[in-house]
>>> print(open('my_file.cif').read())   # mmCIF, C-alpha atoms
data_coords
loop_
_atom_site.label_atom_id
_atom_site.label_comp_id
_atom_site.auth_asym_id
_atom_site.auth_seq_id
_atom_site.Cartn_x
_atom_site.Cartn_y
_atom_site.Cartn_z
CA MET A 65 43.96 -0.05 -12.08
CA ALA A 66 43.78 0.75 -15.81
CA SER A 67 45.26 -0.60 -18.99
CA VAL A 68 46.67 1.59 -21.76
CA SER A 69 45.99 0.77 -25.41
CA ILE A 70 47.65 2.69 -28.25
CA GLN A 71 46.61 1.99 -31.83
CA GLN A 72 48.26 3.30 -34.99
CA LEU A 73 49.50 6.40 -33.18
CA HIS A 74 51.04 9.08 -35.40
CA ILE A 75 52.74 12.13 -33.86
CA ARG A 76 54.07 14.91 -36.05
CA LEU A 77 55.94 17.95 -34.73
CA GLY A 78 56.21 20.57 -37.46
CA HIS A 79 57.16 18.69 -40.60
CA VAL A 80 58.88 15.85 -38.73
CA ASP A 81 57.18 12.52 -38.02
CA ILE A 82 58.21 11.50 -34.49
CA LEU A 83 56.01 8.40 -34.15
CA GLN A 84 54.38 6.51 -37.00
CA ASN A 85 51.78 3.72 -36.77
CA MET A 86 52.70 3.00 -33.15
CA ASP A 87 50.87 0.11 -31.46
CA LEU A 88 51.34 -0.61 -27.77
CA GLU A 89 49.40 -2.47 -25.09
CA VAL A 90 50.13 -1.85 -21.41
CA VAL A 91 48.47 -4.42 -19.17
CA ASP A 92 46.67 -3.56 -15.94
CA GLY A 93 49.13 -3.30 -13.07
CA GLU A 94 52.36 -3.74 -15.03
CA PHE A 95 55.47 -1.57 -14.87
CA LEU A 96 56.37 -0.83 -18.50
CA VAL A 97 59.65 0.95 -19.19
CA LEU A 98 60.21 2.83 -22.46
CA LEU A 99 63.96 2.59 -23.06
CA GLY A 100 66.03 4.16 -25.79
CA PRO A 101 68.60 6.81 -26.72
CA SER A 102 67.83 10.53 -26.78
CA GLY A 103 65.56 11.47 -29.67
CA CYS A 104 64.02 8.02 -30.12
CA GLY A 105 60.49 9.24 -29.30
CA LYS A 106 60.00 7.70 -25.85
CA SER A 107 59.13 10.98 -24.07
CA THR A 108 56.89 12.00 -26.97
CA LEU A 109 55.01 8.73 -26.56
CA LEU A 110 54.65 9.29 -22.81
CA HIS A 111 53.46 12.87 -23.30
CA SER A 112 50.86 11.73 -25.83
CA ILE A 113 49.47 9.29 -23.25
CA ALA A 114 49.33 12.18 -20.78
CA GLY A 115 47.54 14.45 -23.26
CA LEU A 116 50.36 17.00 -23.38
CA ILE A 117 50.87 16.52 -27.14
CA ASP A 118 48.14 16.43 -29.78
CA VAL A 119 48.11 13.35 -31.98
CA HIS A 120 48.04 13.53 -35.77
CA ASP A 121 46.29 10.20 -36.14
CA GLY A 122 45.51 7.05 -34.16
CA ALA A 123 43.80 6.37 -30.83
CA ILE A 124 44.70 6.21 -27.14
CA HIS A 125 42.55 4.29 -24.63
CA ILE A 126 43.03 4.29 -20.85
CA GLY A 127 40.96 1.89 -18.82
CA GLY A 128 38.88 1.11 -21.91
CA ASN A 129 37.95 4.77 -22.45
CA ASP A 130 38.93 6.67 -25.59
CA VAL A 131 41.01 9.61 -24.31
CA THR A 132 42.67 10.56 -27.60
CA TRP A 133 41.35 14.10 -27.37
CA ALA A 134 40.57 14.28 -23.64
CA ASP A 135 42.18 16.90 -21.39
CA PRO A 136 45.01 15.62 -19.16
CA LYS A 137 42.85 16.13 -16.05
CA ASP A 138 40.22 13.76 -17.46
CA ARG A 139 42.61 10.84 -18.21
CA SER A 140 43.00 9.37 -14.72
CA ILE A 141 46.76 9.83 -14.80
CA GLY A 142 49.40 10.99 -12.37
CA MET A 143 52.63 12.31 -13.88
CA VAL A 144 56.13 12.81 -12.50
CA PHE A 145 58.50 14.96 -14.56
CA GLN A 146 62.28 15.04 -14.80
CA SER A 147 62.25 18.41 -13.01
CA TYR A 148 60.52 18.40 -9.63
CA ALA A 149 58.13 21.26 -10.61
CA LEU A 150 57.20 22.00 -6.99
CA TYR A 151 55.61 25.24 -5.83
CA PRO A 152 58.42 26.92 -3.83
CA THR A 153 56.11 28.91 -1.53
CA MET A 154 54.03 25.88 -0.52
CA THR A 155 54.84 23.27 2.10
CA VAL A 156 55.27 19.64 1.16
CA GLU A 157 51.73 18.94 2.35
CA ARG A 158 50.28 21.78 0.25
CA ASN A 159 52.27 20.71 -2.81
CA MET A 160 50.98 17.17 -2.53
CA SER A 161 47.38 18.19 -1.93
CA PHE A 162 47.21 20.98 -4.53
CA GLY A 163 45.61 18.93 -7.31
CA PRO A 164 42.81 17.40 -5.23
CA ARG A 165 42.11 20.74 -3.55
CA ILE A 166 41.41 22.57 -6.81
CA THR A 167 39.16 19.74 -8.00
CA GLY A 168 36.95 20.00 -4.91
CA ILE A 169 37.72 16.69 -3.23
CA PRO A 170 36.61 16.72 0.46
CA LYS A 171 39.28 17.76 2.95
CA ASP A 172 39.18 14.54 4.96
CA GLU A 173 39.71 12.47 1.80
CA ILE A 174 42.63 14.70 0.77
CA ALA A 175 44.18 14.32 4.23
CA ARG A 176 43.82 10.53 4.00
CA ARG A 177 45.50 10.42 0.60
CA VAL A 178 48.36 12.72 1.65
CA ASP A 179 48.97 10.71 4.81
CA ARG A 180 48.99 7.45 2.83
CA ALA A 181 51.42 8.78 0.21
CA ALA A 182 53.65 10.40 2.85
CA THR A 183 53.85 7.09 4.74
CA MET A 184 54.79 5.16 1.59
CA LEU A 185 57.48 7.66 0.64
CA HIS A 186 58.79 8.38 4.17
CA LEU A 187 57.75 12.04 3.96
CA GLY A 188 55.84 12.27 7.25
CA PRO A 189 58.42 14.40 9.13
CA LEU A 190 58.81 16.71 6.10
CA LEU A 191 55.19 17.68 5.46
CA GLN A 192 55.57 21.21 6.88
CA ARG A 193 58.86 21.99 5.13
CA LYS A 194 59.17 23.94 1.89
CA PRO A 195 61.06 22.65 -1.18
CA SER A 196 64.10 24.83 -0.44
CA GLN A 197 64.55 22.92 2.82
CA LEU A 198 64.69 19.53 1.09
CA SER A 199 67.40 17.52 -0.63
CA GLY A 200 67.10 16.53 -4.30
CA GLY A 201 65.94 13.03 -3.43
CA GLN A 202 63.33 14.36 -0.99
CA ARG A 203 62.00 16.78 -3.61
CA GLN A 204 61.62 13.98 -6.12
CA ARG A 205 59.76 11.91 -3.55
CA VAL A 206 57.41 14.86 -3.02
CA ALA A 207 56.81 15.03 -6.79
CA ILE A 208 56.02 11.29 -6.78
CA GLY A 209 53.75 11.77 -3.76
CA ARG A 210 51.88 14.56 -5.54
CA ALA A 211 51.12 12.13 -8.38
CA LEU A 212 50.04 9.40 -5.93
CA VAL A 213 47.60 11.72 -4.15
CA ARG A 214 45.62 11.97 -7.38
CA ASP A 215 44.77 8.25 -6.90
CA ALA A 216 45.05 7.77 -10.67
CA GLY A 217 44.66 4.64 -12.74
CA VAL A 218 47.98 5.10 -14.57
CA TYR A 219 51.20 6.74 -13.37
CA LEU A 220 53.63 8.22 -15.88
CA PHE A 221 57.30 8.90 -15.11
CA ASP A 222 59.46 11.00 -17.44
CA GLU A 223 63.10 10.27 -16.45
CA PRO A 224 62.42 11.20 -12.81
CA LEU A 225 65.83 10.10 -11.48
CA SER A 226 68.16 11.59 -14.09
CA ASN A 227 68.92 14.74 -12.04
CA LEU A 228 70.00 12.80 -8.96
CA ASP A 229 73.42 11.51 -7.98
CA ALA A 230 74.20 7.79 -8.20
CA LYS A 231 73.46 6.99 -4.53
CA LEU A 232 70.09 8.74 -4.58
CA ARG A 233 69.18 7.12 -7.89
CA ASN A 234 69.80 3.70 -6.38
CA GLU A 235 67.72 4.51 -3.29
CA LEU A 236 64.78 5.98 -5.20
CA ARG A 237 64.89 3.19 -7.77
CA ARG A 238 64.40 0.69 -4.97
CA GLU A 239 61.60 2.80 -3.47
CA LEU A 240 59.82 3.06 -6.82
CA LYS A 241 59.93 -0.70 -7.29
CA GLN A 242 58.59 -1.24 -3.77
CA LEU A 243 55.91 1.37 -4.42
CA HIS A 244 54.72 -0.52 -7.48
CA VAL A 245 54.58 -3.73 -5.44
CA ASP A 246 52.60 -1.97 -2.71
CA ILE A 247 49.97 -0.17 -4.79
CA GLY A 248 49.83 -2.45 -7.84
CA LYS A 249 48.95 0.39 -10.23
CA THR A 250 49.87 0.60 -13.92
CA MET A 251 53.11 2.52 -14.42
CA VAL A 252 54.81 3.72 -17.61
CA TYR A 253 58.39 4.92 -17.12
CA VAL A 254 60.73 6.63 -19.57
CA THR A 255 64.50 6.33 -19.27
CA HIS A 256 67.70 6.02 -21.28
CA ASP A 257 69.36 4.23 -18.34
CA GLN A 258 69.43 0.49 -18.94
CA THR A 259 70.02 -0.26 -15.26
CA GLU A 260 66.78 1.51 -14.33
CA ALA A 261 64.96 -0.37 -17.08
CA MET A 262 66.30 -3.80 -16.09
CA THR A 263 65.66 -3.38 -12.37
CA LEU A 264 62.24 -1.67 -12.49
CA ALA A 265 60.38 -3.13 -15.44
CA SER A 266 57.82 -5.89 -15.72
CA ARG A 267 58.40 -5.40 -19.46
CA ILE A 268 60.77 -3.22 -21.45
CA ALA A 269 59.96 -1.58 -24.79
CA VAL A 270 63.24 -0.69 -26.52
CA MET A 271 62.77 2.21 -28.95
CA LEU A 272 64.77 3.67 -31.84
CA ASP A 273 63.76 6.28 -34.42
CA GLY A 274 60.15 6.39 -33.26
CA LYS A 275 59.63 2.62 -33.41
CA ILE A 276 59.55 -0.14 -30.84
CA GLN A 277 62.37 -2.51 -31.71
CA GLN A 278 61.52 -5.15 -29.10
CA ILE A 279 59.18 -5.52 -26.15
CA GLY A 280 59.46 -8.22 -23.51
CA THR A 281 60.56 -9.02 -19.99
CA PRO A 282 64.02 -7.79 -18.98
CA ALA A 283 65.38 -11.35 -19.29
CA GLU A 284 63.88 -11.83 -22.76
CA VAL A 285 65.23 -8.55 -24.11
CA TYR A 286 68.66 -9.10 -22.58
CA ASP A 287 69.14 -12.77 -23.41
CA ARG A 288 67.46 -12.87 -26.84
CA PRO A 289 67.77 -9.42 -28.48
CA VAL A 290 65.89 -9.29 -31.79
CA ASN A 291 68.52 -7.17 -33.52
CA ARG A 292 72.00 -5.78 -33.17
CA PHE A 293 70.78 -2.41 -31.87
CA VAL A 294 68.94 -3.96 -28.92
CA ALA A 295 71.87 -6.27 -28.23
CA GLY A 296 74.30 -3.35 -28.16
CA PHE A 297 72.08 -0.94 -26.22
CA LEU A 298 71.59 -3.27 -23.25
CA GLY A 299 74.59 -4.29 -21.20
CA SER A 300 77.60 -2.55 -19.73
CA PRO A 301 80.12 -3.04 -21.19
CA THR A 302 78.19 -3.55 -24.38
CA MET A 303 78.01 -6.88 -26.20
CA ASN A 304 81.10 -7.87 -28.18
CA PHE A 305 80.47 -8.11 -31.93
CA PHE A 306 82.64 -10.08 -34.40
CA ASP A 307 82.27 -10.31 -38.18
CA GLY A 308 82.51 -13.79 -39.65
CA VAL A 309 80.91 -16.41 -41.91
CA LEU A 310 79.22 -19.78 -41.53
CA ALA A 311 81.30 -22.79 -42.56
CA ALA A 312 80.93 -26.60 -42.63
CA ASP A 313 83.44 -28.89 -40.97
CA ASN A 314 82.95 -32.68 -40.71
CA GLY A 315 79.17 -32.41 -40.35
CA ARG A 316 79.35 -29.49 -37.96
CA LEU A 317 78.22 -25.93 -38.60
CA LEU A 318 80.86 -23.43 -37.55
CA TRP A 319 80.98 -19.68 -37.27
CA ARG A 320 84.45 -18.49 -38.27
CA SER A 321 86.49 -15.32 -38.26
CA PRO A 322 90.24 -14.79 -38.57
CA ALA A 323 90.53 -14.92 -34.77
CA LEU A 324 87.69 -17.21 -33.66
CA SER A 325 85.90 -20.44 -34.52
CA ILE A 326 82.74 -21.58 -32.68
CA ASP A 327 80.50 -24.61 -33.22
CA VAL A 328 76.97 -23.27 -33.82
CA SER A 329 75.38 -26.56 -34.87
CA THR A 330 72.83 -26.35 -32.02
CA TYR A 331 72.02 -22.66 -32.49
CA PRO A 332 68.21 -22.21 -32.90
CA PHE A 333 68.21 -20.59 -36.35
CA ALA A 334 64.82 -19.21 -37.41
CA ALA A 335 65.55 -20.17 -41.05
CA GLU A 336 67.91 -22.60 -42.77
CA PRO A 337 71.45 -21.16 -42.55
CA HIS A 338 73.66 -21.05 -45.64
CA ILE A 339 77.35 -21.96 -45.80
CA GLY A 340 79.40 -18.85 -46.54
CA GLN A 341 76.69 -16.57 -45.20
CA PRO A 342 78.14 -13.41 -43.53
CA VAL A 343 77.12 -13.45 -39.87
CA VAL A 344 77.87 -11.16 -36.94
CA LEU A 345 78.45 -13.01 -33.68
CA GLY A 346 77.60 -11.36 -30.36
CA MET A 347 79.01 -12.38 -26.98
CA ARG A 348 78.26 -10.58 -23.74
CA PRO A 349 81.35 -9.83 -21.62
CA GLU A 350 80.01 -11.80 -18.64
CA HIS A 351 79.61 -14.91 -20.80
CA ILE A 352 83.30 -14.99 -21.67
CA GLU A 353 85.29 -17.25 -19.36
CA LEU A 354 88.97 -16.60 -18.70
CA VAL A 355 90.86 -19.83 -17.98
CA PRO A 356 94.41 -21.22 -17.84
CA LEU A 357 96.06 -21.30 -21.25
CA GLU A 358 95.82 -25.09 -21.61
CA GLN A 359 92.01 -24.87 -21.26
CA ALA A 360 91.52 -22.20 -23.90
CA ALA A 361 88.78 -23.19 -26.34
CA LEU A 362 88.62 -19.93 -28.30
CA GLY A 363 92.27 -19.01 -28.08
CA GLN A 364 94.68 -16.92 -26.08
CA ALA A 365 94.06 -13.26 -25.33
CA THR A 366 96.33 -10.52 -24.04
CA VAL A 367 95.11 -7.97 -21.48
CA THR A 368 95.35 -4.44 -22.88
CA LEU A 369 93.37 -2.56 -20.22
CA ALA A 370 91.72 -3.30 -16.87
CA GLU A 371 88.86 -1.43 -15.18
CA PRO A 372 88.50 -2.54 -11.54
CA MET A 373 84.84 -2.48 -10.39
CA GLY A 374 85.27 -3.73 -6.83
CA ALA A 375 84.05 -7.33 -6.76
CA SER A 376 84.71 -7.69 -10.49
CA VAL A 377 87.02 -6.28 -13.14
CA VAL A 378 86.33 -5.39 -16.77
CA LEU A 379 89.19 -6.62 -18.92
CA TRP A 380 89.81 -5.37 -22.44
CA LEU A 381 91.55 -8.07 -24.44
CA ASP A 382 93.36 -8.55 -27.73
CA LEU A 383 92.44 -11.92 -29.23
CA GLY A 384 94.50 -12.39 -32.37
CA GLY A 385 94.10 -8.76 -33.33
CA THR A 386 90.41 -8.68 -32.36
CA ALA A 387 89.42 -6.42 -29.44
CA MET A 388 86.92 -7.73 -26.89
CA SER A 389 85.81 -7.11 -23.32
CA ALA A 390 85.22 -9.62 -20.54
CA ILE A 391 83.96 -9.38 -16.97
CA ALA A 392 85.97 -11.44 -14.50
CA ASP A 393 86.42 -11.90 -10.78
CA SER A 394 88.60 -9.18 -9.31
CA HIS A 395 91.21 -11.81 -8.35
CA THR A 396 91.74 -12.80 -12.00
CA PRO A 397 95.27 -11.80 -13.13
CA HIS A 398 94.77 -8.58 -15.02
CA GLN A 399 98.10 -6.89 -15.45
CA ARG A 400 98.62 -5.27 -18.83
CA GLY A 401 100.29 -7.76 -21.15
CA HIS A 402 99.12 -10.81 -19.16
CA THR A 403 98.01 -13.71 -21.41
CA LEU A 404 94.86 -15.69 -20.56
CA GLY A 405 92.90 -18.49 -22.14
CA VAL A 406 89.41 -17.70 -23.42
CA ARG A 407 86.28 -19.85 -23.48
CA CYS A 408 82.62 -19.07 -24.19
CA ASP A 409 79.40 -21.00 -23.72
CA ALA A 410 78.06 -21.36 -27.27
CA LYS A 411 74.52 -21.51 -25.88
CA ARG A 412 74.79 -17.86 -24.75
CA ILE A 413 75.85 -16.30 -28.07
CA SER A 414 73.68 -14.30 -30.50
CA LEU A 415 73.99 -14.40 -34.28
CA PHE A 416 72.86 -11.55 -36.53
CA GLY A 417 72.48 -11.37 -40.30
CA ALA A 418 73.77 -8.67 -42.61
CA ASN A 419 70.58 -6.65 -41.98
CA GLY A 420 71.25 -6.62 -38.23
CA GLN A 421 68.33 -8.93 -37.37
CA ARG A 422 68.75 -11.95 -35.14
CA LEU A 423 69.04 -15.18 -37.10
#
>>> encode(input="my_file.cif", output="structure tokens")
Amino acid sequence: MASVSIQQLHIRLGHVDILQNMDLEVVDGEFLVLLGPSGCGKSTLLHSIAGLIDVHDGAIHIGGNDVTWADPKDRSIGMVFQSYALYPTMTVERNMSFGPRITGIPKDEIARRVDRAATMLHLGPLLQRKPSQLSGGQRQRVAIGRALVRDAGVYLFDEPLSNLDAKLRNELRRELKQLHVDIGKTMVYVTHDQTEAMTLASRIAVMLDGKIQQIGTPAEVYDRPVNRFVAGFLGSPTMNFFDGVLAADNGRLLWRSPALSIDVSTYPFAAEPHIGQPVVLGMRPEHIELVPLEQAALGQATVTLAEPMGASVVLWLDLGGTAMSAIADSHTPHQRGHTLGVRCDAKRISLFGANGQRL
């Protein structure tokens, strides 16, 4: 296993600064996912770890060794790209063993590594086939197997599942997670898919504009987002946001808007809140409870649109002129125009200041 340490990394492409003063520590054996929208710098960061992009300033250490200017072959990495990048004229076995063969590793050791990787990835019956005889999911497994055969300290994945259909993505996602459990190696994975990030990661680093906005376990990032961007990027449907202000009422601290009023007296503010302070309230759709009208704590909402999801349904609601989404059991009445009562657990809300940072 090997840790990855990045200190004050600066990447410039042409006259554009992609990453500036980036610091990141990847612990031995963890599965770190770099998550963010297109253009946020996550693939650039991964490629700099791999040695595919020259750095402008800063340092990269893998396993305690300074590899800032080392060739990719000398970094003890295995990399899986978005495209399979397989040699079409070679069999699966030859594709997987190509790297070790050109580096002079003994044949019996190569055979052992290929057999081990093929067993993990269920490729045994396919070793003598060529890429044209494989499905998309099988080709991606071969690409992963080729990286595993290198027996590297760190494995890097650059959106490896994005070219696959939904069913194959789900299958390979599960296999990747099991693979990490089985081999225990350090893995760094780039994706813009929040589902991949939440299901695969030991920790998630959410990126925007070349900076890490938040890094933590999936539960930490999801339940306590540090700013409005992170809150809105994770979750499907996205978190509901409502503009309002803080107000006092008989010793209680309330958050108020024209449509809503919530007691936030027990909210763990980082600093002393001020009455009249503009505050954005965030509620995730699954934390909104739809109840009979007489039990409505937040008010009454009218269904404007329903999206059946099988076991659940996403309801788009009009609450006093304010639009919001909620996730409910599929048996919840959800005809257009139906009126429901709305409640929310105040312990599950997020409050953000005018600058977008969590209060």
>>> resolve_selection(input="my_file.cif", expression="the PyMOL selection byres ((chain A and resi 309) around 12)", output="PyMOL selection string")
chain A and resi 306-308+310-312+317-322+324-328+337-345+415-418
>>> resolve_selection(input="my_file.cif", expression="the PyMOL selection byres ((chain A and resi 413) around 6)", output="number ranges by chain")
A: 346-347, 410-412, 414
>>> write_last_selection(input="my_file.cif", atoms="C-alpha atoms", output="compact mmCIF listing (two decimals), in the frame of the given file")
# COMPACT_ATOMS: atom_id res chain seq x y z
CA GLY A 346 77.60 -11.36 -30.36
CA MET A 347 79.01 -12.38 -26.98
CA ALA A 410 78.06 -21.36 -27.27
CA LYS A 411 74.52 -21.51 -25.88
CA ARG A 412 74.79 -17.86 -24.75
CA SER A 414 73.68 -14.30 -30.50
>>> atom_distance(input="my_file.cif", atom1="atom CA of A:Asp81", atom2="atom CA of A:His111")
15.2 Å
>>> axis_aligned_box(input="my_file.cif", around="stretch 383-392 of chain A", padding_each_side="4 Å", output="lines of an AutoDock Vina configuration file")
center_x = 89.2
center_y = -9.4
center_z = -23.9
size_x = 18.5
size_y = 14.0
size_z = 26.8
>>> resolve_selection(input="my_file.cif", expression="the PyMOL selection byres ((chain A and resi 246-259) around 7)", output="MDAnalysis selection string")
chainID A and resid 65:67 92:101 106:107 217:223 242:245 260:263 298
>>> atom_distance(input="my_file.cif", atom1="atom CA of A:Asp229", atom2="atom CA of A:His186")
19.3 Å
>>> residues_around(input="my_file.cif", residues="A:Val294", least_positions_apart="4", cutoff="10 Å", atoms="all atoms listed in the file", output="list of chain:residue names")
A:Gly100, A:Val270, A:Met271, A:Leu272, A:Gln277, A:Gln278, A:Val285, A:Tyr286, A:Arg288, A:Pro289, A:Val290, A:Leu298, A:Gly299, A:Met303, A:Gly420, A:Gln421
>>> atom_distance(input="my_file.cif", atom1="atom CA of A:Leu354", atom2="atom CA of A:Val406")
4.9 Å
>>> closest_residue(input="my_file.cif", among="A:Leu381, A:Ala123, A:Ile208, A:Val367", to="A:Ile70", atoms="all atoms listed in the file")
A:Ala123
>>> closest_residue(input="my_file.cif", among="A:Asp273, A:Asp172, A:Asp409, A:Asp382", to="A:Leu83", atoms="all atoms listed in the file")
A:Asp273
>>> closest_residue(input="my_file.cif", among="A:Val206, A:Leu423, A:Leu73, A:Ala230", to="A:Phe333", atoms="all atoms listed in the file")
A:Leu423
>>> residues_near_point(input="my_file.cif", point="(90.1, -10.1, -15.8)", cutoff="6 Å", atoms="only C-alpha atoms", output="ChimeraX atom specification")
/A:377,379,392,396,398
>>> residues_around(input="my_file.cif", residues="A:Gly374", least_positions_apart="2", cutoff="10 Å", atoms="all atoms listed in the file", output="list in words")
Glu371, Pro372, Ser376, Val377, Asp393 and Ser394 of chain A
>>> residues_around(input="my_file.cif", residues="A:Asn227", least_positions_apart="5", cutoff="12 Å", atoms="all atoms listed in the file", output="list in words")
Phe145, Gln146, Ser147, Tyr148, Ser199, Gly200, Gly201, Arg203, Gln204, Asp222, Leu232, Arg233, Leu236 and Thr255 of chain A
>>> residues_near_point(input="my_file.cif", point="(47.8, 11.7, 2.5)", cutoff="12 Å", atoms="only C-alpha atoms", output="count of residues only")
35
>>> closest_residue(input="my_file.cif", among="A:Ile82, A:Leu225, A:Ile279, A:Val378", to="A:Ala265", atoms="all atoms listed in the file")
A:Ile279
>>> residues_around(input="my_file.cif", residues="A:Arg400", least_positions_apart="5", cutoff="8 Å", atoms="all atoms listed in the file", output="ChimeraX atom specification")
/A:366-370
>>> write_last_selection(input="my_file.cif", atoms="C-alpha atoms", output="mmCIF file, keeping the file's coordinate frame")
data_model
loop_
_atom_site.group_PDB
_atom_site.id
_atom_site.type_symbol
_atom_site.label_atom_id
_atom_site.label_comp_id
_atom_site.auth_asym_id
_atom_site.auth_seq_id
_atom_site.Cartn_x
_atom_site.Cartn_y
_atom_site.Cartn_z
ATOM 1 C CA THR A 366 96.330 -10.520 -24.040
ATOM 2 C CA VAL A 367 95.110 -7.970 -21.480
ATOM 3 C CA THR A 368 95.350 -4.440 -22.880
ATOM 4 C CA LEU A 369 93.370 -2.560 -20.220
ATOM 5 C CA ALA A 370 91.720 -3.300 -16.870
#
>>> decode(input="my_file.cif", residues="stretch 214-220 of chain A", atoms="all heavy atoms", output="PDB file, in the first residue's frame")
ATOM      1  N   ARG A 214      -0.135  -4.744 -12.661  1.00  0.00           N
ATOM      2  CA  ARG A 214       1.072  -3.979 -12.343  1.00  0.00           C
ATOM      3  C   ARG A 214       1.442  -4.107 -10.871  1.00  0.00           C
ATOM      4  O   ARG A 214       2.566  -3.791 -10.472  1.00  0.00           O
ATOM      5  CB  ARG A 214       0.860  -2.492 -12.666  1.00  0.00           C
ATOM      6  CG  ARG A 214       0.873  -2.167 -14.139  1.00  0.00           C
ATOM      7  CD  ARG A 214       0.734  -0.674 -14.357  1.00  0.00           C
ATOM      8  NE  ARG A 214       1.758   0.096 -13.651  1.00  0.00           N
ATOM      9  CZ  ARG A 214       2.968   0.337 -14.113  1.00  0.00           C
ATOM     10  NH1 ARG A 214       3.340  -0.155 -15.288  1.00  0.00           N
ATOM     11  NH2 ARG A 214       3.829   1.054 -13.416  1.00  0.00           N
ATOM     12  N   ASP A 215       0.482  -4.564 -10.018  1.00  0.00           N
ATOM     13  CA  ASP A 215       0.733  -4.713  -8.583  1.00  0.00           C
ATOM     14  C   ASP A 215       1.261  -3.403  -8.008  1.00  0.00           C
ATOM     15  O   ASP A 215       2.294  -3.357  -7.335  1.00  0.00           O
ATOM     16  CB  ASP A 215       1.718  -5.854  -8.326  1.00  0.00           C
ATOM     17  CG  ASP A 215       1.661  -6.345  -6.882  1.00  0.00           C
ATOM     18  OD1 ASP A 215       0.626  -6.098  -6.223  1.00  0.00           O
ATOM     19  OD2 ASP A 215       2.644  -6.920  -6.407  1.00  0.00           O
ATOM     20  N   ALA A 216       0.540  -2.324  -8.286  1.00  0.00           N
ATOM     21  CA  ALA A 216       0.973  -0.975  -7.906  1.00  0.00           C
ATOM     22  C   ALA A 216       0.600  -0.667  -6.463  1.00  0.00           C
ATOM     23  O   ALA A 216      -0.176  -1.387  -5.820  1.00  0.00           O
ATOM     24  CB  ALA A 216       0.337   0.047  -8.844  1.00  0.00           C
ATOM     25  N   GLY A 217       1.148   0.445  -5.971  1.00  0.00           N
ATOM     26  CA  GLY A 217       0.800   0.907  -4.636  1.00  0.00           C
ATOM     27  C   GLY A 217      -0.473   1.723  -4.635  1.00  0.00           C
ATOM     28  O   GLY A 217      -1.226   1.723  -3.661  1.00  0.00           O
ATOM     29  N   VAL A 218      -0.729   2.453  -5.742  1.00  0.00           N
ATOM     30  CA  VAL A 218      -1.892   3.328  -5.851  1.00  0.00           C
ATOM     31  C   VAL A 218      -2.576   3.075  -7.189  1.00  0.00           C
ATOM     32  O   VAL A 218      -1.905   2.980  -8.229  1.00  0.00           O
ATOM     33  CB  VAL A 218      -1.490   4.821  -5.759  1.00  0.00           C
ATOM     34  CG1 VAL A 218      -2.709   5.721  -5.927  1.00  0.00           C
ATOM     35  CG2 VAL A 218      -0.794   5.112  -4.433  1.00  0.00           C
ATOM     36  N   TYR A 219      -3.892   2.972  -7.171  1.00  0.00           N
ATOM     37  CA  TYR A 219      -4.663   2.789  -8.401  1.00  0.00           C
ATOM     38  C   TYR A 219      -5.503   4.034  -8.657  1.00  0.00           C
ATOM     39  O   TYR A 219      -6.181   4.539  -7.759  1.00  0.00           O
ATOM     40  CB  TYR A 219      -5.552   1.542  -8.304  1.00  0.00           C
ATOM     41  CG  TYR A 219      -4.736   0.270  -8.270  1.00  0.00           C
ATOM     42  CD1 TYR A 219      -4.413  -0.331  -7.060  1.00  0.00           C
ATOM     43  CD2 TYR A 219      -4.253  -0.296  -9.443  1.00  0.00           C
ATOM     44  CE1 TYR A 219      -3.640  -1.483  -7.022  1.00  0.00           C
ATOM     45  CE2 TYR A 219      -3.485  -1.447  -9.419  1.00  0.00           C
ATOM     46  CZ  TYR A 219      -3.175  -2.036  -8.205  1.00  0.00           C
ATOM     47  OH  TYR A 219      -2.401  -3.162  -8.183  1.00  0.00           O
ATOM     48  N   LEU A 220      -5.434   4.520  -9.895  1.00  0.00           N
ATOM     49  CA  LEU A 220      -6.108   5.751 -10.289  1.00  0.00           C
ATOM     50  C   LEU A 220      -7.175   5.427 -11.331  1.00  0.00           C
ATOM     51  O   LEU A 220      -6.906   4.733 -12.310  1.00  0.00           O
ATOM     52  CB  LEU A 220      -5.089   6.742 -10.867  1.00  0.00           C
ATOM     53  CG  LEU A 220      -3.848   7.015 -10.012  1.00  0.00           C
ATOM     54  CD1 LEU A 220      -2.882   7.942 -10.763  1.00  0.00           C
ATOM     55  CD2 LEU A 220      -4.236   7.628  -8.670  1.00  0.00           C
TER      56      LEU A 220
END
